[in-house]
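Here the structure is laid out as structure tokens; the discussion comes afterwards.
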Amino acid sequence: MSHWLIRLVRHRLFDETDASRVLGAGVLERIGAKVTASETRHSGEIRVMVEAGLPFSYVRRGATARERAVAMFGKLGVWNTDRRNGVLIYLLLAEHAIEIVGDRGITQRVDAAAWSKIAEQMRDAFRGGDFEAGLAFAVEAIDALLVCHYPRSSGEADVNELPDAPYVR
């Protein structure tokens, strides 16, 4: 069987209900609450997306999880925050892939090694079967970076530009 066909089958075996099942009851709500709490401390936006499998068109053309994460970064509007400091945490369950995509404002201040370190810590938690701990760690680590580079001043209004609940597809 060709690599392409194996990949297609793997991506078609997963669906949105599998993503919800893998994460467990209440995890999405608790992660959304962590994002909400985080965004009271800085002017950035954190968006979490969990995707069971890639759409057929992505599998057919051999697209990577990174390509999909960048596309969803745009589609979900993470690129369109006022201060260009949005961050997408993207999980692709069919390939056990983790991608962190930051907008140009935050990536000018945070190097690629920092994003890789966060992804590796997430991967370690996921290997142990603890998706909630991995996602919570990522939100907390990104929160710390955003607080360092984009702290909310005392008189600054709390503008929530993006939904805080994880997007599951």
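Chain lettering (A, B, ...) mirrors the order of the structure tokens, residue numbering begins at 1 for each chain separately, and ligand numbering begins at 1 in order of display.
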
Residues within 10 Å of range 66-73 of chain A, only C-alpha atoms, excluding chain neighbours under 6 positions, as a list in words
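Returned residues: Arg47, Met49, Glu51, Leu54, Pro55, Tyr58, Trp79, Asn80, Gly86, Val87, Leu88, Ile89, Tyr90, Leu91, Leu92, Ala97, Ile98, Glu99, Ile100, Val101, Gly102 and Asp103 of chain A.
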
Write a file of the just-selected residues containing C-alpha atoms, as a PDB file, in the first residue's frame.
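Output saved as out25.pdb:
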ATOM      1  CA  ARG A  47      -6.343  30.067  20.174  1.00  0.00           C
ATOM      2  CA  MET A  49      -7.339  24.044  17.653  1.00  0.00           C
ATOM      3  CA  GLU A  51      -8.136  18.551  14.422  1.00  0.00           C
ATOM      4  CA  LEU A  54      -6.599  16.608   7.597  1.00  0.00           C
ATOM      5  CA  PRO A  55      -9.155  17.326   4.880  1.00  0.00           C
ATOM      6  CA  TYR A  58      -4.460  18.323   2.139  1.00  0.00           C
ATOM      7  CA  TRP A  79      -3.337  36.761  12.252  1.00  0.00           C
ATOM      8  CA  ASN A  80      -5.744  39.671  12.542  1.00  0.00           C
ATOM      9  CA  GLY A  86      -2.004  36.098  18.418  1.00  0.00           C
ATOM     10  CA  VAL A  87      -0.783  32.528  18.906  1.00  0.00           C
ATOM     11  CA  LEU A  88      -2.357  29.321  17.586  1.00  0.00           C
ATOM     12  CA  ILE A  89      -1.737  25.997  19.324  1.00  0.00           C
ATOM     13  CA  TYR A  90      -2.599  23.351  16.711  1.00  0.00           C
ATOM     14  CA  LEU A  91      -2.916  19.602  17.300  1.00  0.00           C
ATOM     15  CA  LEU A  92      -3.378  17.108  14.486  1.00  0.00           C
ATOM     16  CA  ALA A  97       1.550  16.615  15.302  1.00  0.00           C
ATOM     17  CA  ILE A  98       1.866  19.792  17.341  1.00  0.00           C
ATOM     18  CA  GLU A  99       2.356  23.177  15.719  1.00  0.00           C
ATOM     19  CA  ILE A 100       2.552  26.572  17.381  1.00  0.00           C
ATOM     20  CA  VAL A 101       2.054  29.504  15.047  1.00  0.00           C
ATOM     21  CA  GLY A 102       2.618  33.037  16.288  1.00  0.00           C
ATOM     22  CA  ASP A 103       1.795  36.285  14.548  1.00  0.00           C
TER      23      ASP A 103
END

Find the residues around Gly32 in chain A up to 9 Å (only C-alpha atoms counted), leave out those fewer than 6 positions away in its own chain, and share them as JSON, numbers by chain.
{"A": [47, 48, 163, 164, 165, 166]}

- Task: From a DSSP calculation on the backbone, collect every residue of range 93-131 of chain A in strand (DSSP E) and output the set as a list of chain:residue names.
- Result: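 Result set for range 93-131 of chain A (strand (DSSP E)): A:Ala97, A:Ile98, A:Glu99, A:Ile100, A:Val101, A:Gly102.
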